[in-house]
Amino acid sequence: MNISARRIDQATILDVSGNIDMSNSPEVRKALLQEIRSKRAPRVVVNLSSVDYIDSSGVASLIEGLKASRESGARLVLFGLNESAREVLKISRLLKLFEIYDNEAQAIAS
Amino acid sequence: MATKQGSAHKKLPKLNRAFQLKLEVRSHPTFLCVVRGALEPLMESLGFSGEENRAIIRGVDEAVSNIMRHSYKSCPDNAIELRCNRLDRRSNGRAEYGVEILLYDCGPAVDTTKIEPRPLDEIRPGGLGLHIIRGSMDTVEYKRAGKLNRLRLVKYARGSKGGFGCPEETSE
């Protein structure tokens, strides 16, 4: 898995690629919390379009990011989820909890 | 030469026809992708749809993660065995095909009375694995087998028409 950050206007885009599972989900959590808590990013957009698989530990990292964003008055937005990612969020009844968009343009414009 | 080949062949144990795969991995999280990578083409060859294939991989991946985290308490040097068998049954007069995945580990016995998924209306990280396993598979059964924990996961294909018959089986 790889994760990198870039800025577009007020938004920080986290580009994640590969599989997110128990072996690397702490890296996702760390990157999210760093942007939200340490760098005080007002909007964090997570690009999951190159993520093939995400397990419950990856979902837990996203939930932690969401909670941290709410605590600090920031927004956490997701886009580019494949069927596998949507299914795991659906089973966990979390699809409506997150702001989810189809592509980057929609996520940034939201 | 033919005799030697024949005798060598006889040394191999006869496999149950339902048997598809046996895999043993270390309890290190980096092996999760090995398990997923082994299952995906096998389930595809067995005739599962893309959605069913993803559900099986998700269920098994979460179950193996739970073994690593809870049964082995994140100690990465223990063994996890996965066996995969094909299932056939008749339901309402129709033939149904499925897969049985057995996961074995050597961890302490699981107190099943303490295994309860957390309420999903609580928004907090963690505790989702069991929901995902149950939501992805048709059957989830735990059993203590001697000194081993055995988790049995079953998934049946819905409306699958083929892919389950191996050539040597259908020719008979």
# chains A, B, ... in the order shown; residues from 1 in each chain; ligands from 1
>>> interface_residues(of="chain B", to="chain A", cutoff="10 Å", atoms="only C-alpha atoms", output="PDB file with N, CA and C atoms, in the first residue's frame")
ATOM      1  N   HIS B  28       1.287 -13.884  10.536  1.00  0.00           N
ATOM      2  CA  HIS B  28       1.749 -12.509  10.319  1.00  0.00           C
ATOM      3  C   HIS B  28       0.789 -11.818   9.343  1.00  0.00           C
ATOM      4  N   PRO B  29       0.384 -10.575   9.659  1.00  0.00           N
ATOM      5  CA  PRO B  29      -0.601  -9.902   8.798  1.00  0.00           C
ATOM      6  C   PRO B  29      -0.203  -9.792   7.326  1.00  0.00           C
ATOM      7  N   THR B  30       1.085  -9.845   7.022  1.00  0.00           N
ATOM      8  CA  THR B  30       1.469  -9.756   5.613  1.00  0.00           C
ATOM      9  C   THR B  30       0.986 -10.970   4.809  1.00  0.00           C
ATOM     10  N   PHE B  31       0.600 -12.042   5.519  1.00  0.00           N
ATOM     11  CA  PHE B  31       0.119 -13.229   4.809  1.00  0.00           C
ATOM     12  C   PHE B  31      -1.369 -13.147   4.460  1.00  0.00           C
ATOM     13  N   LEU B  32      -2.025 -12.097   4.920  1.00  0.00           N
ATOM     14  CA  LEU B  32      -3.439 -11.942   4.561  1.00  0.00           C
ATOM     15  C   LEU B  32      -3.609 -11.822   3.048  1.00  0.00           C
ATOM     16  N   CYS B  33      -2.695 -11.104   2.421  1.00  0.00           N
ATOM     17  CA  CYS B  33      -2.817 -10.939   0.967  1.00  0.00           C
ATOM     18  C   CYS B  33      -2.524 -12.259   0.247  1.00  0.00           C
ATOM     19  N   ARG B  36      -5.870 -14.100   0.386  1.00  0.00           N
ATOM     20  CA  ARG B  36      -6.815 -13.514  -0.578  1.00  0.00           C
ATOM     21  C   ARG B  36      -6.416 -13.878  -2.007  1.00  0.00           C
ATOM     22  N   GLY B  50     -18.795 -12.502  -9.250  1.00  0.00           N
ATOM     23  CA  GLY B  50     -17.853 -11.525  -8.694  1.00  0.00           C
ATOM     24  C   GLY B  50     -18.254 -11.083  -7.303  1.00  0.00           C
ATOM     25  N   GLU B  51     -19.542 -10.846  -7.098  1.00  0.00           N
ATOM     26  CA  GLU B  51     -20.025 -10.400  -5.785  1.00  0.00           C
ATOM     27  C   GLU B  51     -19.831 -11.496  -4.737  1.00  0.00           C
ATOM     28  N   ARG B  54     -16.128 -11.829  -3.895  1.00  0.00           N
ATOM     29  CA  ARG B  54     -15.682 -10.776  -2.963  1.00  0.00           C
ATOM     30  C   ARG B  54     -16.167 -11.063  -1.544  1.00  0.00           C
ATOM     31  N   ALA B  55     -17.390 -11.585  -1.421  1.00  0.00           N
ATOM     32  CA  ALA B  55     -17.929 -11.891  -0.092  1.00  0.00           C
ATOM     33  C   ALA B  55     -17.104 -12.988   0.582  1.00  0.00           C
ATOM     34  N   ILE B  57     -13.950 -13.854  -0.009  1.00  0.00           N
ATOM     35  CA  ILE B  57     -12.626 -13.323   0.327  1.00  0.00           C
ATOM     36  C   ILE B  57     -12.712 -12.423   1.563  1.00  0.00           C
ATOM     37  N   ARG B  58     -13.758 -11.602   1.604  1.00  0.00           N
ATOM     38  CA  ARG B  58     -13.942 -10.693   2.751  1.00  0.00           C
ATOM     39  C   ARG B  58     -14.149 -11.496   4.041  1.00  0.00           C
ATOM     40  N   GLY B  59     -15.015 -12.512   3.972  1.00  0.00           N
ATOM     41  CA  GLY B  59     -15.303 -13.309   5.164  1.00  0.00           C
ATOM     42  C   GLY B  59     -14.077 -14.049   5.664  1.00  0.00           C
ATOM     43  N   ASP B  61     -10.873 -13.401   4.964  1.00  0.00           N
ATOM     44  CA  ASP B  61      -9.843 -12.435   5.362  1.00  0.00           C
ATOM     45  C   ASP B  61     -10.100 -11.923   6.784  1.00  0.00           C
ATOM     46  N   GLU B  62     -11.358 -11.603   7.076  1.00  0.00           N
ATOM     47  CA  GLU B  62     -11.689 -11.111   8.420  1.00  0.00           C
ATOM     48  C   GLU B  62     -11.512 -12.219   9.463  1.00  0.00           C
ATOM     49  N   SER B  65      -7.826 -12.635  10.039  1.00  0.00           N
ATOM     50  CA  SER B  65      -7.379 -11.477  10.827  1.00  0.00           C
ATOM     51  C   SER B  65      -7.739 -11.657  12.297  1.00  0.00           C
ATOM     52  N   ASN B  66      -8.946 -12.155  12.552  1.00  0.00           N
ATOM     53  CA  ASN B  66      -9.377 -12.385  13.942  1.00  0.00           C
ATOM     54  C   ASN B  66      -8.503 -13.425  14.632  1.00  0.00           C
ATOM     55  N   MET B  68      -5.369 -14.071  13.922  1.00  0.00           N
ATOM     56  CA  MET B  68      -4.078 -13.425  14.186  1.00  0.00           C
ATOM     57  C   MET B  68      -4.157 -12.511  15.407  1.00  0.00           C
ATOM     58  N   ARG B  69      -5.219 -11.736  15.460  1.00  0.00           N
ATOM     59  CA  ARG B  69      -5.324 -10.716  16.504  1.00  0.00           C
ATOM     60  C   ARG B  69      -5.748 -11.296  17.848  1.00  0.00           C
ATOM     61  N   LEU B 120     -24.143  -2.027  15.778  1.00  0.00           N
ATOM     62  CA  LEU B 120     -23.657  -1.226  14.649  1.00  0.00           C
ATOM     63  C   LEU B 120     -24.061   0.234  14.745  1.00  0.00           C
ATOM     64  N   ASP B 121     -25.000   0.547  15.643  1.00  0.00           N
ATOM     65  CA  ASP B 121     -25.363   1.966  15.767  1.00  0.00           C
ATOM     66  C   ASP B 121     -24.335   2.748  16.571  1.00  0.00           C
ATOM     67  N   ILE B 123     -20.941   4.387  16.695  1.00  0.00           N
ATOM     68  CA  ILE B 123     -19.953   4.803  15.696  1.00  0.00           C
ATOM     69  C   ILE B 123     -18.592   4.868  16.368  1.00  0.00           C
ATOM     70  N   ARG B 124     -17.881   3.789  16.249  1.00  0.00           N
ATOM     71  CA  ARG B 124     -16.529   3.752  16.814  1.00  0.00           C
ATOM     72  C   ARG B 124     -15.714   2.720  16.045  1.00  0.00           C
ATOM     73  N   PRO B 125     -14.401   2.923  16.031  1.00  0.00           N
ATOM     74  CA  PRO B 125     -13.572   1.969  15.288  1.00  0.00           C
ATOM     75  C   PRO B 125     -13.493   0.634  16.017  1.00  0.00           C
ATOM     76  N   GLY B 126     -13.283  -0.428  15.273  1.00  0.00           N
ATOM     77  CA  GLY B 126     -13.095  -1.750  15.868  1.00  0.00           C
ATOM     78  C   GLY B 126     -14.393  -2.504  16.055  1.00  0.00           C
ATOM     79  N   GLY B 127     -14.253  -3.828  16.157  1.00  0.00           N
ATOM     80  CA  GLY B 127     -15.408  -4.676  16.438  1.00  0.00           C
ATOM     81  C   GLY B 127     -16.296  -4.966  15.245  1.00  0.00           C
ATOM     82  N   LEU B 128     -15.833  -4.663  14.044  1.00  0.00           N
ATOM     83  CA  LEU B 128     -16.661  -4.874  12.866  1.00  0.00           C
ATOM     84  C   LEU B 128     -16.437  -6.237  12.218  1.00  0.00           C
ATOM     85  N   GLY B 129     -15.333  -6.885  12.562  1.00  0.00           N
ATOM     86  CA  GLY B 129     -14.939  -8.111  11.872  1.00  0.00           C
ATOM     87  C   GLY B 129     -16.008  -9.186  11.876  1.00  0.00           C
ATOM     88  N   LEU B 130     -16.600  -9.427  13.039  1.00  0.00           N
ATOM     89  CA  LEU B 130     -17.603 -10.487  13.146  1.00  0.00           C
ATOM     90  C   LEU B 130     -18.851 -10.160  12.321  1.00  0.00           C
ATOM     91  N   HIS B 131     -19.239  -8.875  12.311  1.00  0.00           N
ATOM     92  CA  HIS B 131     -20.360  -8.463  11.462  1.00  0.00           C
ATOM     93  C   HIS B 131     -20.062  -8.770   9.999  1.00  0.00           C
ATOM     94  N   ILE B 132     -18.852  -8.461   9.607  1.00  0.00           N
ATOM     95  CA  ILE B 132     -18.473  -8.644   8.205  1.00  0.00           C
ATOM     96  C   ILE B 132     -18.435 -10.128   7.846  1.00  0.00           C
ATOM     97  N   ILE B 133     -17.919 -10.952   8.759  1.00  0.00           N
ATOM     98  CA  ILE B 133     -17.877 -12.397   8.495  1.00  0.00           C
ATOM     99  C   ILE B 133     -19.300 -12.936   8.337  1.00  0.00           C
ATOM    100  N   ARG B 134     -20.153 -12.605   9.292  1.00  0.00           N
ATOM    101  CA  ARG B 134     -21.528 -13.114   9.257  1.00  0.00           C
ATOM    102  C   ARG B 134     -22.316 -12.552   8.078  1.00  0.00           C
ATOM    103  N   GLY B 135     -22.023 -11.316   7.727  1.00  0.00           N
ATOM    104  CA  GLY B 135     -22.735 -10.698   6.615  1.00  0.00           C
ATOM    105  C   GLY B 135     -22.260 -11.176   5.255  1.00  0.00           C
ATOM    106  N   SER B 136     -21.108 -11.836   5.227  1.00  0.00           N
ATOM    107  CA  SER B 136     -20.537 -12.266   3.954  1.00  0.00           C
ATOM    108  C   SER B 136     -20.750 -13.751   3.670  1.00  0.00           C
TER     109      SER B 136
END
>>> residues_around(residues="Gly80 (chain A)", least_positions_apart="4", cutoff="6 Å", atoms="only C-alpha atoms", output="number ranges by chain")
A: 48-49, 102-103
>>> closest_residue(among="B:Ala157, B:Met43, B:Leu23, B:Ile56", to="Tyr104 (chain B)", atoms="only C-alpha atoms")
B:Leu23
>>> atom_distance(atom1="CA of Val64 (chain B)", atom2="CA of Val154 (chain B)")
14.7 Å
>>> select_by_dssp(residues="chain B", states="strand (DSSP E or B)", output="PyMOL selection string")
chain B and resi 19-26+79-91+94-105+139-145+148-156
>>> closest_residue(among="A:Leu32, A:Leu95, A:Leu78, A:Ile3", to="Ala107 (chain A)", atoms="only C-alpha atoms")
A:Leu78
>>> residues_around(residues="Ala79 (chain B)", least_positions_apart="5", cutoff="7 Å", atoms="only C-alpha atoms", output="JSON, numbers by chain")
{"B": [24, 25, 26, 27, 105]}
>>> write_last_selection(atoms="N, CA and C atoms", output="compact mmCIF listing (two decimals), in the first residue's frame")
# COMPACT_ATOMS: atom_id res chain seq x y z
N GLU B 24 -1.25 -23.37 4.39
CA GLU B 24 -0.83 -23.05 5.75
C GLU B 24 0.02 -21.79 5.70
N VAL B 25 -0.36 -20.83 6.52
CA VAL B 25 0.39 -19.56 6.54
C VAL B 25 0.76 -19.20 7.97
N ARG B 26 1.77 -18.36 8.09
CA ARG B 26 2.14 -17.81 9.39
C ARG B 26 1.10 -16.79 9.82
N SER B 27 1.05 -16.56 11.12
CA SER B 27 0.04 -15.63 11.64
C SER B 27 0.51 -14.18 11.56
N ASP B 105 -6.55 -23.15 13.97
CA ASP B 105 -5.42 -22.51 14.66
C ASP B 105 -5.18 -23.21 15.99
>>> closest_residue(among="A:Leu33, A:Val28, A:Ala105, A:Ala11", to="Arg70 (chain A)", atoms="only C-alpha atoms")
A:Leu33
>>> select_by_dssp(residues="region 22-107 of chain A", states="alpha helix (DSSP H)", output="PyMOL selection string")
chain A and resi 25-33+56-71+83-91+104-107
>>> decode(residues="region 26-54 of chain A", atoms="C-alpha atoms", output="short mmCIF file (atom, residue, chain, number, x, y, z; two decimals), in the first residue's frame")
data_model
loop_
_atom_site.label_atom_id
_atom_site.label_comp_id
_atom_site.auth_asym_id
_atom_site.auth_seq_id
_atom_site.Cartn_x
_atom_site.Cartn_y
_atom_site.Cartn_z
CA PRO A 26 -2.18 1.89 11.02
CA GLU A 27 -0.42 3.86 8.27
CA VAL A 28 -3.76 5.09 6.96
CA ARG A 29 -4.84 6.06 10.47
CA LYS A 30 -1.55 7.88 11.06
CA ALA A 31 -1.78 9.83 7.79
CA LEU A 32 -5.39 10.83 8.45
CA LEU A 33 -4.78 11.97 12.01
CA GLN A 34 -1.63 13.84 10.98
CA GLU A 35 -3.54 15.89 8.43
CA ILE A 36 -6.55 16.49 10.67
CA ARG A 37 -4.96 16.99 14.09
CA SER A 38 -1.38 18.07 13.47
CA LYS A 39 -1.71 20.04 10.23
CA ARG A 40 -5.24 21.24 10.97
CA ALA A 41 -6.40 20.62 7.41
CA PRO A 42 -9.94 22.01 7.06
CA ARG A 43 -10.91 19.39 4.49
CA VAL A 44 -9.36 15.97 3.95
CA VAL A 45 -10.33 14.07 0.82
CA VAL A 46 -9.39 10.40 0.70
CA ASN A 47 -8.85 9.05 -2.80
CA LEU A 48 -9.67 5.33 -2.74
CA SER A 49 -9.87 4.88 -6.52
CA SER A 50 -6.67 2.79 -6.53
CA VAL A 51 -7.59 0.72 -3.49
CA ASP A 52 -8.52 -2.82 -4.45
CA TYR A 53 -9.44 -4.11 -1.01
CA ILE A 54 -10.20 -2.65 2.39
#
